[in-house]
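Student: If you scroll down you'll find the structure; I have some questions about it.
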Amino acid sequence: MKIKSYAKLNLTLNVIGIDPIDKYHLLEMVNVPLDFYDTLEIELIDQKESYITSNCSAIPLDHSNLVYKAIQLLKSTYSLKENFHVHIDKKIPMEAGLAGGSSNAAATMIGINKMLNLGIKKEELSSLGMKLGSDVAYCVYSLPSLVEGKGEKITPFVIKDNYFVLLIKPNYGLSTKEVYTLYDEYSSSHQIEHSSLQDIQKALENNDEEELKKNLINNLEISAFEISPSLKELKEGIIKEGLDKVLMTGSGSTIFALSKDESSLLNIAKKFNIDDNFVLVTKFKI
């Protein structure tokens, strides 16, 4: 069975607190899936253990891979005896803030659910995905959504008109842990601006580009740009090309720009296709 594993984009990311018990960050996000994906091929195997292969040599193929963890979680939760070979045809760059690994895990659970006719509802798969990571829970749905809490509260909505998206990821990633740690230090003594999830939702539902532009905020840019000043320079360089809806997704290191004009994005993309940058023009999956 082949299944598509879609990348995701954060149109906003507010860090609103920390859970006092487990120390996980509490977030408010607006997530949209992109029409850009890895392809997973899942097959049943008559072997003692599941295993993973990939066209990408940088992916860990051992038990630390989220795909393997997803298989084991399904097996233990539903007492499955089957084992699987999953081949990951990787297109989504790693350490990019695009949820590539999380999406792979979600796609694996969806694929096995279909293959074995388990009949597990998406709500249940998403809840299970929280055990692997908050983005896994979201990627089970892979719809434009408000995402709150630790990622478990997901409220899908409909986008009226599509946007083209320019993605630029420099040839390095950022440590999510380091980005959050530095953010915590900064936010303890500074006032942080947050965007309104409801305002972004309305802007997307009503095709209000000005309102969308006002609310494109990612709190983690503060620390990401401190760790990597060149990432801030990249964002500023994209803005200088005349694009006004530009933001970092997740904890980095991808910077994206939104536009209704695909040809202008394609022309600008050529200018940034240097220094081993990952550059792509895609669109929302709506």
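Ligands are numbered from 1 in the order shown, chains are lettered A, B, ... in the order of the structure tokens, and residues start at 1 in each chain.
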For Leu9 in chain A, find every residue with an atom within 9 Å (counting only C-alpha atoms), except residues of its own chain fewer than 6 positions away, and show them as an NGL selection string.
Tutor: :A and (30-34 or 97-99 or 249-250 or 256 or 284)
Student: Residues of range 126-284 of chain A classed as strand (DSSP E) by DSSP on the backbone are to be reported as a ChimeraX atom specification.
Tutor: /A:145-149,153-156,164-169,246-248,255-259,278-283
Student: Near Met1 in chain A, counting only C-alpha atoms, which residues have an atom at most 8 Å away, once you skip same-chain residues fewer than 3 positions from it, shown as a list of chain:residue names?
Tutor: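 The residues that qualify are A:Glu41, A:Ile42, A:Glu43, A:Gly111, A:Met115.
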Student: For range 45-62 of chain A, please output as a short mmCIF file (atom, residue, chain, number, x, y, z; two decimals) with N, CA, C and O atoms, in the first residue's frame all residues within 6 Å (counting only C-alpha atoms; exclusion window: fewer than 6 positions along the same chain).
Tutor:
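So the final result, stored in around17.cif, reads:
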data_model
loop_
_atom_site.label_atom_id
_atom_site.label_comp_id
_atom_site.auth_asym_id
_atom_site.auth_seq_id
_atom_site.Cartn_x
_atom_site.Cartn_y
_atom_site.Cartn_z
N ASN A 83 3.81 -7.97 11.22
CA ASN A 83 4.97 -7.09 11.09
C ASN A 83 4.97 -6.48 9.69
O ASN A 83 4.34 -7.00 8.76
N PHE A 84 5.70 -5.36 9.57
CA PHE A 84 5.61 -4.56 8.36
C PHE A 84 6.98 -4.07 7.89
O PHE A 84 7.88 -3.84 8.70
N HIS A 85 7.09 -3.93 6.59
CA HIS A 85 8.21 -3.20 6.00
C HIS A 85 7.65 -1.88 5.49
O HIS A 85 6.67 -1.86 4.73
N VAL A 86 8.25 -0.77 5.94
CA VAL A 86 7.83 0.56 5.49
C VAL A 86 9.01 1.21 4.77
O VAL A 86 10.09 1.38 5.35
N HIS A 87 8.79 1.55 3.49
CA HIS A 87 9.81 2.30 2.74
C HIS A 87 9.38 3.75 2.66
O HIS A 87 8.26 4.06 2.23
N ILE A 88 10.27 4.64 3.09
CA ILE A 88 9.97 6.08 3.10
C ILE A 88 10.69 6.74 1.92
O ILE A 88 11.92 6.81 1.89
N ASP A 89 9.91 7.19 0.95
CA ASP A 89 10.46 8.00 -0.14
C ASP A 89 10.42 9.45 0.34
O ASP A 89 9.38 10.10 0.30
#
Student: I need the residue nearest Asp208 in chain A from this list: A:Thr108, A:Thr181, A:Asn162, A:Ser102. Use only C-alpha atoms for the distance.
Tutor: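 Of A:Thr108, A:Thr181, A:Asn162, A:Ser102, the one nearest Asp208 in chain A, counting only C-alpha atoms, is A:Asn162.
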Student: Just checking: using only C-alpha atoms, which residue out of A:Ile227, A:Leu204, A:Ile255, A:Ala70 ends up closest to Lys131 in chain A?
Tutor: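 Nearest candidate to Lys131 in chain A out of A:Ile227, A:Leu204, A:Ile255, A:Ala70: A:Ala70.
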Student: DSSP on the backbone: which residues in range 48-269 of chain A end up as alpha helix (DSSP H)? Give the answer as number ranges by chain.
Tutor: A: 66-78, 100-115, 122-129, 134-141, 176-187, 197-206, 209-214, 221-227, 229-240, 262-269
Student: Nearest to Glu226 in chain A among A:Val179, A:Ile18, A:Leu243, A:Ile200, with distances taken over only C-alpha atoms: which residue is it?
Tutor: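 Among the listed residues, the smallest separation from Glu226 in chain A belongs to A:Val179.
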Student: Rank A:Lys90, A:Glu95, A:Ser223, A:Leu197 by their smallest atom-to-atom distance to Val147 in chain A, using only C-alpha atoms, and report the top residue only.
Tutor: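 Result for the nearest residue to Val147 in chain A: A:Leu197.
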Student: Just give me the gap between CA of Gly173 in chain A and CA of Ser253 in chain A in Å, one decimal is fine.
Tutor: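 CA of Ser253 in chain A lies at a distance of 5.4 Å from CA of Gly173 in chain A.
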Student: Calculate how many Å separate CA of Leu146 in chain A from CA of Thr254 in chain A, rounding to one decimal.
Tutor: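 Here the two named atoms are 20.6 Å from each other.
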Student: Can you tell me how far CA of Leu125 in chain A sits from CA of Lys69 in chain A, in Å to one decimal?
Tutor: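 Interatomic distance here is 13.8 Å.
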Student: I want to know what sits within 10 Å of Tyr78 in chain A, based on only C-alpha atoms, with residues of the same chain fewer than 5 positions away left out; could you give that as an MDAnalysis selection string?
Tutor: chainID A and resid 72:73 118 120
Student: Pick out the closest residue to Pro93 in chain A from this set: A:Val281, A:Leu182, A:Leu167, A:Ala107. Count only C-alpha atoms.
Tutor: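 Comparing A:Val281, A:Leu182, A:Leu167, A:Ala107 against Pro93 in chain A, the winner is A:Leu167.
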Student: Which residue out of A:Tyr180, A:Lys23, A:Lys214, A:Asn273 has the minimum interatomic distance to His194 in chain A when only C-alpha atoms are used?
Tutor: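 Counting only C-alpha atoms, the residue closest to His194 in chain A is A:Lys214.
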